[in-house]
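Below is data.cif, holding mmCIF, C-alpha atoms.
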data_query
loop_
_atom_site.label_atom_id
_atom_site.label_comp_id
_atom_site.auth_asym_id
_atom_site.auth_seq_id
_atom_site.Cartn_x
_atom_site.Cartn_y
_atom_site.Cartn_z
CA MET A 6 -3.64 2.97 -1.20
CA GLY A 7 -6.26 2.88 -3.94
CA GLY A 8 -4.29 1.31 -6.72
CA LEU A 9 -1.26 1.58 -4.51
CA GLY A 10 -2.95 0.65 -1.33
CA SER A 11 -6.58 1.71 -0.84
CA ILE A 12 -8.72 -0.72 1.07
CA SER A 13 -11.94 0.26 -0.64
CA THR A 14 -11.21 2.04 -3.93
CA PRO A 15 -8.85 0.44 -6.46
CA MET A 16 -6.44 2.61 -8.38
CA CYS A 17 -6.63 2.34 -12.14
CA ILE A 18 -3.19 2.44 -13.68
CA PRO A 19 -3.49 3.04 -17.44
CA SER A 20 -1.88 0.30 -19.43
CA GLN A 21 0.37 2.75 -21.21
CA LEU A 22 1.92 3.63 -17.84
CA LEU A 23 2.80 0.06 -17.01
CA ASN A 24 6.29 -0.47 -18.39
CA PRO A 25 8.30 -3.19 -16.65
CA ASN A 26 11.84 -2.62 -17.84
CA ARG A 27 14.19 -1.83 -14.96
CA ARG A 28 15.09 -3.56 -11.71
CA SER A 29 16.61 -2.17 -8.53
CA ASN A 30 19.68 -4.17 -7.57
CA PHE A 31 22.08 -4.36 -4.67
CA PRO A 32 25.31 -6.38 -4.75
CA ARG A 33 26.21 -9.64 -3.11
CA LYS A 34 23.03 -11.64 -2.77
CA ARG A 35 23.17 -14.44 -0.21
CA SER A 36 20.89 -17.45 -0.19
CA HIS A 37 19.68 -16.85 3.38
CA PRO A 38 19.69 -13.11 4.14
CA CYS A 39 19.05 -12.30 7.78
CA LEU A 40 18.49 -9.69 10.40
CA LEU A 41 20.99 -9.65 13.23
CA PHE A 42 20.19 -7.67 16.35
CA ARG A 43 23.16 -7.30 18.68
CA LYS A 44 23.68 -5.71 22.06
CA SER A 45 26.87 -5.35 24.03
CA HIS A 46 27.62 -8.54 25.98
CA SER A 47 24.20 -9.91 25.23
CA LEU A 48 22.40 -12.47 23.14
CA SER A 49 22.00 -11.55 19.49
CA LEU A 50 19.12 -12.84 17.42
CA SER A 51 19.42 -13.65 13.76
CA SER A 52 16.07 -14.17 12.05
CA HIS A 53 16.34 -15.92 8.70
CA PHE A 54 13.85 -15.28 5.93
CA SER A 55 13.24 -17.82 3.18
CA PRO A 56 13.36 -16.21 -0.28
CA GLN A 57 10.77 -18.73 -1.47
CA ASN A 58 7.92 -17.97 0.91
CA ASN A 59 8.97 -14.85 2.83
CA LYS A 60 8.67 -16.84 6.06
CA VAL A 61 10.89 -16.60 9.09
CA THR A 62 12.80 -19.72 10.05
CA GLU A 63 14.07 -20.64 13.49
CA PRO A 64 16.28 -17.93 15.02
CA HIS A 65 19.85 -18.55 16.14
CA PHE A 66 21.23 -17.17 19.39
CA THR A 67 24.92 -16.43 19.87
CA LEU A 68 26.74 -14.56 22.59
CA LYS A 69 28.37 -11.40 21.30
CA ALA A 70 30.60 -8.84 22.95
CA SER A 71 30.74 -5.43 21.38
CA ALA A 72 32.43 -2.19 22.28
CA SER A 73 29.33 -0.24 21.27
CA SER A 74 25.94 -0.38 22.91
CA SER A 75 24.31 -1.79 19.79
CA SER A 76 25.20 -2.60 16.22
CA VAL A 77 23.64 -4.23 13.19
CA GLY A 78 25.28 -6.95 11.13
CA ALA A 79 23.44 -8.75 8.35
CA ALA A 80 23.47 -9.95 4.79
CA ASP A 81 23.62 -7.08 2.33
CA TYR A 82 20.02 -7.43 1.21
CA THR A 83 16.96 -9.63 1.21
CA GLU A 84 14.79 -10.27 -1.83
CA GLU A 85 11.02 -9.91 -1.83
CA PRO A 86 10.12 -13.17 -3.62
CA ALA A 87 7.05 -12.11 -5.60
CA THR A 88 8.63 -9.05 -7.23
CA LYS A 89 12.34 -9.95 -6.91
CA VAL A 90 12.96 -6.46 -5.51
CA LYS A 91 16.01 -6.37 -3.26
CA PHE A 92 15.88 -4.56 0.09
CA GLN A 93 18.97 -3.66 2.07
CA THR A 94 18.82 -5.27 5.48
CA SER A 95 19.91 -2.04 7.19
CA LEU A 96 19.63 1.58 6.12
CA SER A 97 20.78 5.01 7.19
CA LEU A 98 18.14 7.50 6.10
CA PRO A 99 17.97 11.30 6.15
CA GLY A 100 16.39 12.52 9.37
CA CYS A 101 17.09 9.32 11.33
CA SER A 102 19.31 9.27 14.40
CA SER A 103 20.58 5.73 13.78
CA SER A 104 20.47 2.97 11.20
CA LEU A 105 17.20 1.09 10.75
CA SER A 106 16.80 -2.69 10.36
CA LEU A 107 14.54 -4.49 7.92
CA LEU A 108 11.70 -6.31 9.68
CA GLY A 109 9.68 -7.68 6.75
CA THR A 110 8.85 -7.29 3.05
CA GLY A 111 5.79 -7.68 0.86
CA TYR A 112 4.13 -6.45 -2.30
CA ARG A 113 0.98 -4.74 -3.52
CA GLU A 114 -0.99 -6.30 -6.36
CA LYS A 115 -4.04 -5.00 -8.20
CA VAL A 116 -6.31 -7.11 -10.38
CA PHE A 117 -7.27 -5.65 -13.74
CA ALA A 118 -9.96 -7.84 -15.34
CA ILE A 119 -8.61 -11.23 -14.31
CA ILE A 120 -4.91 -10.35 -14.46
CA GLY A 121 -3.00 -9.57 -11.29
CA VAL A 122 -0.56 -6.68 -11.72
CA LYS A 123 2.10 -6.05 -9.11
CA VAL A 124 2.48 -2.33 -8.51
CA TYR A 125 5.15 -2.08 -5.87
CA ALA A 126 7.20 -3.93 -3.29
CA ALA A 127 7.50 -2.62 0.27
CA GLY A 128 9.69 -3.18 3.30
CA LEU A 129 9.33 -2.00 6.90
CA TYR A 130 12.43 -0.79 8.73
CA VAL A 131 12.59 0.02 12.44
CA ASN A 132 14.98 1.47 14.97
CA GLN A 133 16.18 -1.57 16.94
CA SER A 134 15.31 0.09 20.25
CA ILE A 135 11.60 -0.25 19.40
CA LEU A 136 11.89 -3.99 19.94
CA SER A 137 12.72 -3.51 23.61
CA LYS A 138 9.31 -1.85 24.04
CA LEU A 139 7.43 -4.98 22.95
CA ASP A 140 8.05 -7.33 25.88
CA ALA A 141 4.29 -7.71 26.43
CA TRP A 142 4.11 -9.75 23.21
CA LYS A 143 6.97 -12.14 23.94
CA GLY A 144 6.11 -15.75 23.14
CA GLN A 145 3.16 -14.97 20.89
CA SER A 146 2.82 -16.72 17.55
CA ALA A 147 3.01 -14.90 14.23
CA SER A 148 -0.75 -15.26 13.72
CA GLN A 149 -1.45 -13.81 17.16
CA ILE A 150 0.83 -10.88 16.47
CA GLN A 151 -0.66 -10.28 13.04
CA ASP A 152 -4.18 -10.05 14.47
CA ASP A 153 -3.22 -7.85 17.42
CA LEU A 154 -3.73 -4.24 16.38
CA SER A 155 -2.47 -3.02 19.75
CA LEU A 156 1.03 -4.27 18.92
CA PHE A 157 1.22 -2.30 15.68
CA LYS A 158 -0.23 0.75 17.42
CA SER A 159 2.50 0.37 20.03
CA ILE A 160 5.17 0.26 17.33
CA PHE A 161 3.75 3.41 15.78
CA GLY A 162 3.41 5.15 19.14
CA VAL A 163 7.05 4.74 20.19
CA PRO A 164 8.88 8.03 19.46
CA LEU A 165 11.61 6.22 17.53
CA GLU A 166 12.08 5.95 13.80
CA LYS A 167 10.31 3.49 11.55
CA SER A 168 10.31 3.74 7.78
CA LEU A 169 8.38 2.19 4.93
CA GLN A 170 10.31 1.77 1.70
CA ILE A 171 8.16 1.50 -1.42
CA VAL A 172 9.83 0.38 -4.65
CA LEU A 173 7.73 0.79 -7.77
CA VAL A 174 7.74 -2.17 -10.15
CA ARG A 175 5.62 -0.30 -12.74
CA ASP A 176 5.76 3.19 -14.21
CA VAL A 177 3.12 5.33 -12.52
CA ASP A 178 2.10 8.93 -13.08
CA GLY A 179 2.60 11.07 -9.98
CA LYS A 180 -1.00 12.33 -9.99
CA THR A 181 -2.29 8.77 -10.21
CA PHE A 182 -0.11 7.80 -7.29
CA TRP A 183 -1.31 10.73 -5.19
CA ASP A 184 -4.98 10.21 -6.04
CA ALA A 185 -4.72 6.61 -4.87
CA LEU A 186 -2.85 7.65 -1.75
CA ASP A 187 -5.40 10.33 -0.93
CA GLU A 188 -8.28 7.86 -1.36
CA ALA A 189 -6.64 5.66 1.26
CA ILE A 190 -5.75 8.38 3.77
CA SER A 191 -8.75 10.71 3.69
CA PRO A 192 -11.42 8.22 4.90
CA ARG A 193 -9.25 7.54 7.94
CA ILE A 194 -9.34 11.20 8.99
CA LYS A 195 -12.95 11.74 10.04
CA ALA A 196 -12.78 15.48 10.80
CA PRO A 197 -9.64 16.98 9.22
CA THR A 198 -8.30 20.06 10.95
CA PRO A 199 -6.57 22.97 9.15
CA VAL A 200 -3.28 21.34 10.18
CA ASP A 201 -4.36 18.09 8.51
CA GLN A 202 -5.47 19.89 5.36
CA SER A 203 -2.19 21.78 5.14
CA ALA A 204 -0.24 18.54 5.60
CA LEU A 205 -2.23 16.83 2.85
CA SER A 206 -1.60 19.77 0.54
CA THR A 207 2.14 19.52 1.19
CA PHE A 208 1.98 15.78 0.63
CA ARG A 209 0.11 16.24 -2.65
CA SER A 210 2.66 18.72 -3.99
CA ILE A 211 5.41 16.09 -3.82
CA PHE A 212 3.76 13.91 -6.48
CA GLN A 213 1.69 16.21 -8.69
CA GLY A 214 3.16 16.37 -12.19
CA ARG A 215 6.00 14.04 -11.28
CA PRO A 216 6.58 10.81 -13.24
CA LEU A 217 7.35 7.86 -11.01
CA ASN A 218 9.25 5.33 -13.06
CA LYS A 219 9.81 1.69 -12.31
CA GLY A 220 12.56 1.39 -9.71
CA THR A 221 11.71 4.68 -7.98
CA PHE A 222 12.20 4.61 -4.20
CA ILE A 223 9.64 6.26 -1.94
CA PHE A 224 10.45 6.44 1.76
CA LEU A 225 7.78 7.29 4.32
CA THR A 226 9.58 7.73 7.64
CA TRP A 227 7.95 8.33 11.01
CA PRO A 228 10.49 9.80 13.48
CA ASP A 229 7.65 10.16 15.98
CA PRO A 230 3.84 9.78 15.91
CA SER A 231 3.20 13.40 14.93
CA LYS A 232 5.56 13.67 11.99
CA MET A 233 6.36 11.94 8.71
CA LEU A 234 9.31 12.52 6.40
CA VAL A 235 8.84 11.87 2.68
CA ALA A 236 11.74 11.16 0.34
CA VAL A 237 11.46 10.20 -3.33
CA SER A 238 14.43 9.10 -5.40
CA SER A 239 14.70 7.70 -8.92
CA ASP A 240 18.46 7.27 -8.63
CA GLY A 241 19.28 5.08 -5.64
CA MET A 242 19.04 5.95 -1.98
CA PRO A 243 17.83 9.48 -1.13
CA THR A 244 20.26 11.94 0.41
CA SER A 245 17.60 14.37 1.64
CA THR A 246 13.87 14.55 2.32
CA ASP A 247 11.36 16.12 -0.06
CA ALA A 248 8.94 17.23 2.63
CA THR A 249 8.04 17.01 6.29
CA ILE A 250 4.40 16.19 7.02
CA GLU A 251 3.54 17.54 10.47
CA SER A 252 0.14 16.06 11.24
CA ALA A 253 -0.47 13.24 13.71
CA ASN A 254 -3.71 12.33 11.93
CA VAL A 255 -2.11 12.05 8.49
CA ALA A 256 0.90 10.16 9.84
CA SER A 257 -1.20 7.61 11.75
CA ALA A 258 -3.67 7.20 8.88
CA LEU A 259 -0.91 6.22 6.48
CA PHE A 260 0.61 3.74 8.94
CA ASP A 261 -2.86 2.22 9.35
CA VAL A 262 -3.14 1.74 5.58
CA PHE A 263 -0.36 -0.84 5.81
CA PHE A 264 -0.66 -2.22 9.33
CA GLY A 265 -4.29 -1.75 10.32
CA ASP A 266 -7.02 -4.39 10.33
CA ALA A 267 -7.35 -4.38 6.53
CA PRO A 268 -3.79 -3.91 5.22
CA VAL A 269 -3.33 -3.09 1.57
CA SER A 270 -0.39 -5.47 1.40
CA PRO A 271 -1.27 -8.57 3.42
CA SER A 272 2.07 -10.13 2.49
CA LEU A 273 3.95 -7.24 4.10
CA LYS A 274 2.03 -7.42 7.37
CA THR A 275 2.41 -11.21 7.46
CA SER A 276 6.16 -10.95 6.91
CA VAL A 277 6.53 -8.32 9.63
CA ALA A 278 4.45 -10.46 12.02
CA ASN A 279 6.70 -13.45 11.28
CA GLY A 280 9.78 -11.37 11.96
CA LEU A 281 8.39 -10.04 15.24
CA ALA A 282 7.33 -13.51 16.40
CA SER A 283 10.85 -14.81 15.84
CA ILE A 284 12.53 -11.87 17.54
CA LEU A 285 10.15 -11.84 20.52
CA LYS A 286 10.50 -15.56 21.37
#
Have the structure of the file written as structure tokens, please.
Amino acid sequence: MGGLGSISTPMCIPSQLLNPNRRSNFPRKRSHPCLLFRKSHSLSLSSHFSPQNNKVTEPHFTLKASASSSSVGAADYTEEPATKVKFQTSLSLPGCSSSLSLLGTGYREKVFAIIGVKVYAAGLYVNQSILSKLDAWKGQSASQIQDDLSLFKSIFGVPLEKSLQIVLVRDVDGKTFWDALDEAISPRIKAPTPVDQSALSTFRSIFQGRPLNKGTFIFLTWPDPSKMLVAVSSDGMPTSTDATIESANVASALFDVFFGDAPVSPSLKTSVANGLASILK
């Protein structure tokens, strides 16, 4: 997106805006946080991520009986190792019909001169029911999954919620953030319609003139392929959305920024591929 994720045009974050001084924390860290997908009277899969290398270790299967059709149980959070940002392993977000489960984490780094500067950490959350739509990829390795664009397009195309949580690890001016975001999205929309232009204008208004301090949460949530919910919070989890972006082109372009063939955060896509490979064994 430019400095926050563009494939082709780096974002320049002025040095006076880079102020690492606050960390987002959640309680009760465990040494091996996990995802646990459960279904009533069925096998549950717990995929363990190593805090050292963001890799997925061997899954564990146990037979569970539950009164509900599905539930999520997991460690309280998992830590993205490069930035030390902590992500809750399950979330209930505004506009979502059920809780979402963390599938992978990563970070975005920009190089200024010869110094790498981490700008944000990111985590992908999905509605568990999406996983049942991915049987065609069962048994594939993480590298096969990572290189298969059709899988990520399938995830995006399912009319169930997925959400990208971005956690800033530097202070960034809102206009700078939007300019970088726009540089990433616009080239992916070859012939923008009036609907697309209106959606981009709405999107822009969220960030213009708004300081985004270190620790700010930005949630980009896709309830279906034609819509995206945007929520920004500088004080913990959001309780409402800031805007609804109703443009299939804008929504798909932004998803492609992170999970297309040239992802702006390779570590995020790798982590998600590892998680999928473990779950789909």
**Asked** Quick one: distance from CA of Lys232 (chain A) to CA of Lys138 (chain A) in Å, one decimal?
**Response** 20.0 Å
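Among the candidates A:Leu98, A:Ile284, A:Ala87, A:Leu105, the residue lying nearest to Val235 (chain A) is A:Leu98 (atoms considered: only C-alpha atoms).
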**Asked** So which residues touch Glu114 (chain A) within 8 Å, counting all atoms listed in the file, skipping near sequence neighbours fewer than 4 positions away, as a PyMOL selection string?
**Response** chain A and resi 121-125+270
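The space separating CA of Pro268 (chain A) from CA of Ser239 (chain A) comes to 26.0 Å.
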**Message:** Can you pull out the residues contacting region 257-265 of chain A? Cut-off 10 Å, using only C-alpha atoms, and skip same-chain residues under 5 positions away; I want them as a PyMOL selection string.
**Reply:** chain A and resi 6+10-12+127+129+151-158+161-162+168-169+186-187+189-194+225-227+230-233+252+270-271+273-275+277
Applied to the shown file, which residues does the PyMOL selection byres ((chain A and resi 141) around 12) return, written as a JSON list (two decimals) with C-alpha atoms, keeping the file's coordinate frame?
[["chain", "number", "residue", "atom", "x", "y", "z"],
["A", 136, "LEU", "CA", 11.89, -3.99, 19.94],
["A", 137, "SER", "CA", 12.72, -3.51, 23.61],
["A", 138, "LYS", "CA", 9.31, -1.85, 24.04],
["A", 139, "LEU", "CA", 7.43, -4.98, 22.95],
["A", 140, "ASP", "CA", 8.05, -7.33, 25.88],
["A", 142, "TRP", "CA", 4.11, -9.75, 23.21],
["A", 143, "LYS", "CA", 6.97, -12.14, 23.94],
["A", 144, "GLY", "CA", 6.11, -15.75, 23.14],
["A", 145, "GLN", "CA", 3.16, -14.97, 20.89],
["A", 150, "ILE", "CA", 0.83, -10.88, 16.47],
["A", 153, "ASP", "CA", -3.22, -7.85, 17.42],
["A", 155, "SER", "CA", -2.47, -3.02, 19.75],
["A", 156, "LEU", "CA", 1.03, -4.27, 18.92],
["A", 159, "SER", "CA", 2.50, 0.37, 20.03],
["A", 282, "ALA", "CA", 7.33, -13.51, 16.40],
["A", 285, "LEU", "CA", 10.15, -11.84, 20.52],
["A", 286, "LYS", "CA", 10.50, -15.56, 21.37]]
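Between CA of Asn218 (chain A) and CA of Leu173 (chain A) the interatomic distance comes to 7.1 Å.
Nearest to Tyr130 (chain A) of all the residues A:Val269, A:Leu108, A:Val200, A:Ala147 is A:Leu108, based on only C-alpha atoms.
In terms of minimum interatomic distance to Val163 (chain A), A:Pro228 ranks closest within A:Pro199, A:Pro99, A:Pro228, A:Gly241, counting only C-alpha atoms.
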**Item:** Explicit residue set for the PyMOL selection byres ((chain A and resi 217) around 6), as an MDAnalysis selection string
**Value:** chainID A and resid 176:179 216 218
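Closest approach to Ile211 (chain A) from the set A:Thr88, A:Ser238, A:Ser134, A:Ser102 is made by A:Ser238, with distances taken over only C-alpha atoms.
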**Message:** I need every residue sitting at most 7 Å from the point (10.8, -0.6, -1.6) (coordinates as in the file, all atoms listed in the file considered), written as a list in words.
**Reply:** Phe92, Ala126, Ala127, Gly128, Gln170, Ile171, Val172, Phe222 and Ile223 of chain A
**Request:** Could you check which of A:Arg209, A:Lys115, A:Lys89, A:Lys167 is closest to Ser103 (chain A), using only C-alpha atoms?
**Result:** A:Lys167
